[in-house]
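The structure file my_file03.txt is reproduced below (compact mmCIF, C-alpha atoms).
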```
# COMPACT_ATOMS: atom_id res chain seq x y z
CA MET A 1 35.37 87.16 116.13
CA ALA A 2 33.30 89.77 117.94
CA SER A 3 32.06 92.56 115.70
CA THR A 4 32.88 96.17 116.59
CA ASP A 5 29.97 98.40 117.49
CA PRO A 6 29.83 101.04 114.70
CA TYR A 7 28.81 103.77 117.15
CA THR A 8 31.74 103.00 119.48
CA PHE A 9 34.09 102.82 116.50
CA LEU A 10 32.88 106.23 115.25
CA LYS A 11 33.30 107.81 118.69
CA THR A 12 36.85 106.43 118.85
CA LEU A 13 37.70 107.94 115.47
CA ILE A 14 36.24 111.33 116.43
CA ALA A 15 38.09 111.35 119.74
CA LYS A 16 41.34 110.49 117.95
CA ASP A 17 40.81 113.25 115.39
CA GLU A 18 40.04 115.77 118.13
CA ALA A 19 43.14 114.76 120.10
CA GLU A 20 45.34 115.12 117.02
CA ALA A 21 43.78 118.48 116.16
CA TYR A 22 44.37 119.70 119.72
CA ALA A 23 47.99 118.53 119.59
CA ARG A 24 48.49 120.35 116.27
CA LYS A 25 46.92 123.49 117.72
CA ARG A 26 49.20 123.39 120.76
CA GLU A 27 52.23 122.85 118.54
CA ALA A 28 51.20 125.72 116.29
CA HIS A 29 51.22 128.06 119.31
CA THR A 30 54.66 127.01 120.55
CA PRO A 31 56.80 130.10 119.93
CA LEU A 32 59.75 129.80 117.56
CA VAL A 33 62.60 131.54 119.38
CA VAL A 34 66.20 131.95 118.24
CA THR A 35 68.90 133.53 120.40
CA LEU A 36 71.98 134.86 118.64
CA SER A 37 75.21 135.74 120.43
CA ARG A 38 77.96 137.34 118.37
CA ASP A 39 81.53 138.59 118.29
CA TYR A 40 81.99 142.23 117.31
CA GLY A 41 82.70 142.42 113.59
CA ALA A 42 81.40 138.90 112.89
CA ARG A 43 78.24 140.44 111.35
CA GLY A 44 75.88 138.83 113.83
CA GLU A 45 73.39 141.69 113.64
CA ALA A 46 73.13 141.35 109.85
CA ILE A 47 72.69 137.59 110.17
CA ALA A 48 69.96 138.06 112.78
CA ALA A 49 68.16 140.51 110.48
CA LYS A 50 68.35 138.06 107.57
CA LEU A 51 67.14 135.22 109.76
CA GLY A 52 64.20 137.28 110.95
CA GLU A 53 63.37 138.16 107.35
CA CYS A 54 63.49 134.51 106.24
CA LEU A 55 61.28 133.37 109.11
CA GLY A 56 58.97 136.38 109.02
CA ILE A 57 59.51 137.08 112.73
CA PRO A 58 60.74 140.18 114.62
CA VAL A 59 64.34 140.70 115.73
CA TYR A 60 65.04 142.24 119.14
CA ASP A 61 68.39 143.78 120.02
CA ARG A 62 68.52 147.07 121.92
CA GLU A 63 64.77 146.67 122.47
CA ILE A 64 65.63 144.02 125.09
CA LEU A 65 67.50 146.64 127.10
CA GLU A 66 64.63 149.12 126.74
CA ARG A 67 62.11 146.53 127.93
CA ALA A 68 64.35 145.59 130.86
CA ALA A 69 64.49 149.26 131.84
CA GLU A 70 60.72 149.51 131.63
CA LYS A 71 60.28 146.41 133.80
CA VAL A 72 62.34 147.82 136.67
CA LYS A 73 61.23 151.43 136.17
CA VAL A 74 64.73 152.67 135.38
CA GLU A 75 65.71 154.87 132.48
CA ALA A 76 67.42 152.89 129.71
CA PHE A 77 70.57 155.03 129.68
CA LYS A 78 71.23 153.99 133.28
CA LEU A 79 71.02 150.30 132.39
CA GLU A 80 73.41 150.81 129.47
CA SER A 81 76.19 150.86 132.05
CA HIS A 82 75.49 147.14 132.59
CA ASP A 83 74.85 146.30 128.97
CA GLU A 84 77.16 143.92 127.12
CA ASN A 85 79.11 146.70 125.40
CA VAL A 86 80.31 148.19 128.69
CA GLU A 87 82.90 146.85 131.12
CA ALA A 88 80.91 145.59 134.08
CA GLY A 89 83.33 146.36 136.92
CA VAL A 90 83.45 150.08 136.17
CA SER A 91 79.76 150.23 135.24
CA THR A 92 78.69 148.92 138.66
CA PHE A 93 80.28 151.92 140.33
CA LEU A 94 78.85 154.39 137.79
CA TYR A 95 75.38 152.92 138.07
CA SER A 96 75.51 153.16 141.87
CA LEU A 97 76.26 156.86 141.56
CA LEU A 98 73.33 157.34 139.19
CA THR A 99 70.75 155.43 141.18
CA GLY A 100 71.95 155.55 144.76
CA THR A 101 71.18 151.84 145.21
CA GLY A 102 73.37 148.91 146.17
CA GLY A 103 71.56 146.19 144.20
CA GLU A 104 72.17 147.62 140.74
CA MET A 105 73.38 144.41 139.08
CA GLN A 106 70.52 142.39 140.56
CA THR A 107 68.06 145.06 139.44
CA TYR A 108 69.33 144.92 135.87
CA ARG A 109 69.33 141.15 135.86
CA ARG A 110 65.76 140.99 137.15
CA GLY A 111 64.61 143.37 134.43
CA LEU A 112 66.57 141.43 131.83
CA TYR A 113 65.01 138.12 132.85
CA GLU A 114 61.51 139.59 132.74
CA ALA A 115 62.12 141.19 129.34
CA VAL A 116 63.59 138.06 127.74
CA LEU A 117 60.98 135.70 129.19
CA GLY A 118 58.23 138.05 128.03
CA LEU A 119 59.58 138.24 124.49
CA ALA A 120 60.00 134.45 124.38
CA LYS A 121 56.21 134.08 124.49
CA GLN A 122 56.16 134.99 120.79
CA ASP A 123 58.14 134.05 117.69
CA CYS A 124 61.32 136.14 117.61
CA VAL A 125 65.08 136.37 117.21
CA MET A 126 66.89 137.81 120.26
CA VAL A 127 70.37 139.27 119.86
CA GLY A 128 72.78 139.08 122.81
CA ARG A 129 71.97 140.11 126.41
CA GLY A 130 72.48 136.55 127.68
CA ALA A 131 69.16 135.34 126.27
CA HIS A 132 70.74 131.94 125.51
CA LEU A 133 71.32 131.47 129.24
CA ILE A 134 68.05 132.94 130.47
CA LEU A 135 66.16 130.56 128.18
CA ALA A 136 68.31 127.52 129.00
CA GLY A 137 66.22 124.34 129.18
CA ARG A 138 63.51 125.72 126.89
CA LYS A 139 62.91 124.77 123.28
CA VAL A 140 64.85 127.61 121.69
CA PHE A 141 67.63 127.49 119.10
CA ARG A 142 70.82 129.08 120.40
CA VAL A 143 73.31 130.36 117.83
CA ARG A 144 76.74 131.92 118.27
CA ILE A 145 78.47 133.86 115.49
CA VAL A 146 82.25 134.18 115.83
CA GLY A 147 85.23 135.38 113.85
CA SER A 148 88.95 135.92 114.28
CA LYS A 149 90.20 139.30 115.48
CA VAL A 150 91.98 139.94 112.18
CA VAL A 151 89.00 139.24 109.93
CA CYS A 152 86.52 141.05 112.18
CA ALA A 153 88.86 144.03 112.48
CA GLY A 154 89.19 144.15 108.69
CA ARG A 155 85.42 144.47 108.38
CA VAL A 156 85.24 147.13 111.10
CA ALA A 157 88.06 149.10 109.48
CA ALA A 158 86.34 148.97 106.08
CA GLU A 159 83.03 150.12 107.55
CA THR A 160 84.33 152.88 109.85
CA GLY A 161 87.49 154.18 108.20
CA MET A 162 89.62 153.18 111.20
CA SER A 163 93.12 151.89 110.71
CA LEU A 164 93.45 148.12 110.98
CA GLU A 165 95.31 148.43 114.27
CA GLU A 166 92.60 150.69 115.73
CA ALA A 167 89.95 148.25 114.56
CA LYS A 168 91.79 145.32 116.14
CA HIS A 169 91.86 147.18 119.45
CA LYS A 170 88.15 147.98 119.12
CA VAL A 171 87.24 144.36 118.38
CA TYR A 172 89.25 143.14 121.37
CA GLU A 173 87.81 145.81 123.66
CA ILE A 174 84.15 145.21 122.80
CA ASN A 175 84.42 141.41 122.85
CA ASN A 176 86.18 141.59 126.21
CA LYS A 177 83.41 143.81 127.61
CA ARG A 178 80.71 141.45 126.34
CA HIS A 179 82.42 138.48 127.95
CA LYS A 180 82.85 140.28 131.28
CA SER A 181 79.26 141.49 131.24
CA ILE A 182 77.87 137.97 130.75
CA GLN A 183 80.27 136.61 133.37
CA ASN A 184 79.30 139.26 135.90
CA LEU A 185 75.57 138.86 135.35
CA PHE A 186 75.29 135.08 135.32
CA GLU A 187 78.26 133.47 137.06
CA ASP A 188 76.28 132.95 140.28
CA CYS A 189 73.42 131.28 138.35
CA PHE A 190 75.28 129.05 135.87
CA GLU A 191 78.32 126.86 136.39
CA HIS A 192 79.54 127.63 132.88
CA CYS A 193 78.36 130.98 131.54
CA SER A 194 81.36 131.96 129.41
CA LEU A 195 80.58 132.87 125.81
CA GLU A 196 83.41 130.48 124.92
CA PHE A 197 81.56 127.52 126.46
CA ALA A 198 80.36 125.75 123.32
CA LYS A 199 77.81 123.53 125.07
CA ASN A 200 75.66 126.60 125.77
CA PHE A 201 74.91 126.83 122.04
CA ASP A 202 73.25 124.61 119.45
CA LEU A 203 75.23 125.97 116.53
CA ILE A 204 78.44 128.02 116.25
CA ILE A 205 79.36 129.59 112.90
CA ASN A 206 82.79 131.07 112.14
CA THR A 207 82.21 133.82 109.58
CA ASP A 208 85.92 133.82 108.68
CA HIS A 209 85.14 130.83 106.48
CA ILE A 210 81.40 131.18 105.88
CA ALA A 211 80.32 134.51 104.46
CA PRO A 212 77.78 136.24 106.73
CA GLU A 213 75.25 136.41 103.88
CA ASN A 214 75.40 132.61 103.62
CA ALA A 215 74.92 131.95 107.35
CA ALA A 216 71.11 132.23 107.54
CA PRO A 217 70.40 129.18 105.31
CA ILE A 218 72.81 127.12 107.42
CA ILE A 219 71.00 128.15 110.60
CA LEU A 220 67.62 127.30 109.07
CA LEU A 221 68.84 123.87 107.97
CA ALA A 222 70.30 123.20 111.43
CA MET A 223 67.03 124.25 113.07
CA GLN A 224 65.11 121.86 110.85
CA GLN A 225 67.51 119.04 111.69
CA ALA A 226 67.08 119.87 115.39
CA GLY A 227 63.33 119.30 115.13
CA PHE A 228 62.01 122.84 114.74
CA ASP A 229 59.01 122.93 112.42
CA LEU A 230 59.68 125.93 110.20
CA ARG A 231 56.54 125.27 108.12
CA LYS A 232 54.33 126.82 110.79
CA ILE A 233 55.83 130.25 110.15
CA PRO A 234 53.40 132.04 107.82
CA PRO A 235 54.83 133.53 104.62
CA LYS A 236 55.17 137.30 104.60
CA THR A 237 52.36 139.01 102.71
```
Would you mind writing the file's structure down as structure tokens?
Amino acid sequence: MASTDPYTFLKTLIAKDEAEAYARKREAHTPLVVTLSRDYGARGEAIAAKLGECLGIPVYDREILERAAEKVKVEAFKLESHDENVEAGVSTFLYSLLTGTGGEMQTYRRGLYEAVLGLAKQDCVMVGRGAHLILAGRKVFRVRIVGSKVVCAGRVAAETGMSLEEAKHKVYEINNKRHKSIQNLFEDCFEHCSLEFAKNFDLIINTDHIAPENAAPIILLAMQQAGFDLRKIPPKT
């Protein structure tokens, strides 16, 4: 049997170690991104905040809108007319009056894409604004938090002092506006962009049956099972 040249053997080992170190370094710099879509009253914002705290990464919500406005050089209050809490059909007309342009929806969408793609270069949790669609095909974990109208309305009523009937109307109204906004913004880019299309998400949690405060550990476990390495997130100091 031919003996192995020690020098060649050593070079092979070094090259292997360097390749593995480079792979680990590349993996360590792959951003950990979570998108979280939510029904009104399902406590999605609180879950996002808890998730960000557990992972030690920032949470972006309204900041996405502000960054989109900055990208297209439009004041944020003008883009609010296209945001997910406003009915898109009416907002298109209002925004046209404010800006005097005909491409208002395309302008908002362009700014939104730039803002979301920019934020996705770092570890973060992004709440709403269609981030789960904009980042489709990338290694991100897409979560949807839902709840029945009755349970969500009960929470809203308890928090705001509304009557239960008023809260039910509010829940329906805001959820309907969010759905229409996503549909209006993305229907010409995605065959299925409805928030009810389950295949657009990696995990859907119904907070009727799972308390919102218990949702974050479930999301973390699901992320781990999906192949996300949560160990690379540094502990908070």
If you take all atoms listed in the file and a cut-off of 10 Å, which residues of segment 26-68 of chain A touch segment 190-195 of chain A, and what are their nearest atom pairs and distances in Å to one decimal, in chain and number order, as JSON lines?
```
{"residue": "A:Ser37", "atom": "CA", "partner": "A:Leu195", "partner_atom": "CA", "distance": 8.1}
{"residue": "A:Arg38", "atom": "CA", "partner": "A:Leu195", "partner_atom": "CA", "distance": 9.1}
{"residue": "A:Asp39", "atom": "CA", "partner": "A:Leu195", "partner_atom": "CA", "distance": 9.5}
```
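Nearest-residue note for Gly128 of chain A: choosing from A:Ala153, A:Leu203, A:Ala216, A:Ile64, the minimum distance belongs to A:Ile64, counting all atoms listed in the file.
Of the listed residues (A:Gly130, A:Cys124, A:Phe141, A:Gly147), A:Gly130 comes nearest to Lys180 of chain A; the distances count only C-alpha atoms.
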If I take atom CA of Cys54 of chain A and atom CA of Lys139 of chain A, how far is one from the other in Å, to one decimal? 19.6 Å
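For the pair atom CA of Tyr113 of chain A and atom CA of Phe228 of chain A, the interatomic distance is 23.9 Å.
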Measure the distance from atom CA of Ala131 of chain A to atom CA of Leu117 of chain A in Å and round it to one decimal. 8.7 Å
Could you give me, as a PyMOL selection string, the residues within 12 Å of Leu220 of chain A, counting all atoms listed in the file and dropping anything in the same chain fewer than 3 positions from it? chain A and resi 32+34+47-48+50-55+141-143+203+214-217+223-231
Got a sec: who's within 12 Å of segment 161-166 of chain A, counting all atoms listed in the file, leaving out chain neighbours fewer than 5 positions off, as a PyMOL selection string? chain A and resi 149-156+171-173
Could you rebuild segment 123-149 of chain A with N, CA and C atoms and give it back as a compact mmCIF listing (two decimals), in the coordinates of the input?
```
# COMPACT_ATOMS: atom_id res chain seq x y z
N ASP A 123 57.07 134.36 118.63
CA ASP A 123 58.14 134.05 117.69
C ASP A 123 59.08 135.25 117.59
N CYS A 124 60.38 135.02 117.73
CA CYS A 124 61.32 136.14 117.61
C CYS A 124 62.76 135.64 117.56
N VAL A 125 63.63 136.55 117.12
CA VAL A 125 65.08 136.37 117.21
C VAL A 125 65.58 137.38 118.24
N MET A 126 66.34 136.92 119.24
CA MET A 126 66.89 137.81 120.26
C MET A 126 68.40 137.86 120.14
N VAL A 127 68.94 139.07 120.06
CA VAL A 127 70.37 139.27 119.86
C VAL A 127 71.03 139.62 121.20
N GLY A 128 71.98 138.79 121.64
CA GLY A 128 72.78 139.08 122.81
C GLY A 128 72.01 139.11 124.12
N ARG A 129 72.54 139.88 125.07
CA ARG A 129 71.97 140.11 126.41
C ARG A 129 71.80 138.82 127.22
N GLY A 130 72.55 137.78 126.90
CA GLY A 130 72.48 136.55 127.68
C GLY A 130 71.20 135.77 127.53
N ALA A 131 70.45 136.03 126.46
CA ALA A 131 69.16 135.34 126.27
C ALA A 131 69.35 133.83 126.17
N HIS A 132 70.50 133.38 125.64
CA HIS A 132 70.74 131.94 125.51
C HIS A 132 70.84 131.27 126.87
N LEU A 133 71.25 132.02 127.88
CA LEU A 133 71.32 131.47 129.24
C LEU A 133 69.98 131.59 129.95
N ILE A 134 69.35 132.73 129.82
CA ILE A 134 68.05 132.94 130.47
C ILE A 134 67.03 131.91 130.02
N LEU A 135 67.12 131.51 128.75
CA LEU A 135 66.16 130.56 128.18
C LEU A 135 66.69 129.12 128.17
N ALA A 136 67.74 128.87 128.93
CA ALA A 136 68.31 127.52 129.00
C ALA A 136 67.25 126.53 129.47
N GLY A 137 67.19 125.38 128.82
CA GLY A 137 66.22 124.34 129.18
C GLY A 137 64.92 124.45 128.42
N ARG A 138 64.71 125.56 127.70
CA ARG A 138 63.51 125.72 126.89
C ARG A 138 63.80 125.32 125.44
N LYS A 139 62.73 125.12 124.68
CA LYS A 139 62.91 124.77 123.28
C LYS A 139 63.16 126.04 122.47
N VAL A 140 64.40 126.47 122.50
CA VAL A 140 64.85 127.61 121.69
C VAL A 140 66.10 127.16 120.95
N PHE A 141 66.42 127.84 119.86
CA PHE A 141 67.63 127.49 119.10
C PHE A 141 68.67 128.57 119.37
N ARG A 142 69.81 128.15 119.93
CA ARG A 142 70.82 129.08 120.40
C ARG A 142 72.03 129.08 119.46
N VAL A 143 72.27 130.22 118.85
CA VAL A 143 73.31 130.36 117.83
C VAL A 143 74.40 131.30 118.35
N ARG A 144 75.63 130.99 118.00
CA ARG A 144 76.74 131.92 118.27
C ARG A 144 77.49 132.18 116.97
N ILE A 145 77.74 133.45 116.69
CA ILE A 145 78.47 133.86 115.49
C ILE A 145 79.82 134.40 115.93
N VAL A 146 80.90 133.80 115.42
CA VAL A 146 82.25 134.18 115.83
C VAL A 146 83.11 134.52 114.61
N GLY A 147 84.27 135.07 114.90
CA GLY A 147 85.23 135.38 113.85
C GLY A 147 86.56 135.73 114.49
N SER A 148 87.64 135.58 113.74
CA SER A 148 88.95 135.92 114.28
C SER A 148 89.09 137.44 114.39
N LYS A 149 90.01 137.87 115.28
CA LYS A 149 90.20 139.30 115.48
C LYS A 149 90.63 139.99 114.19
```
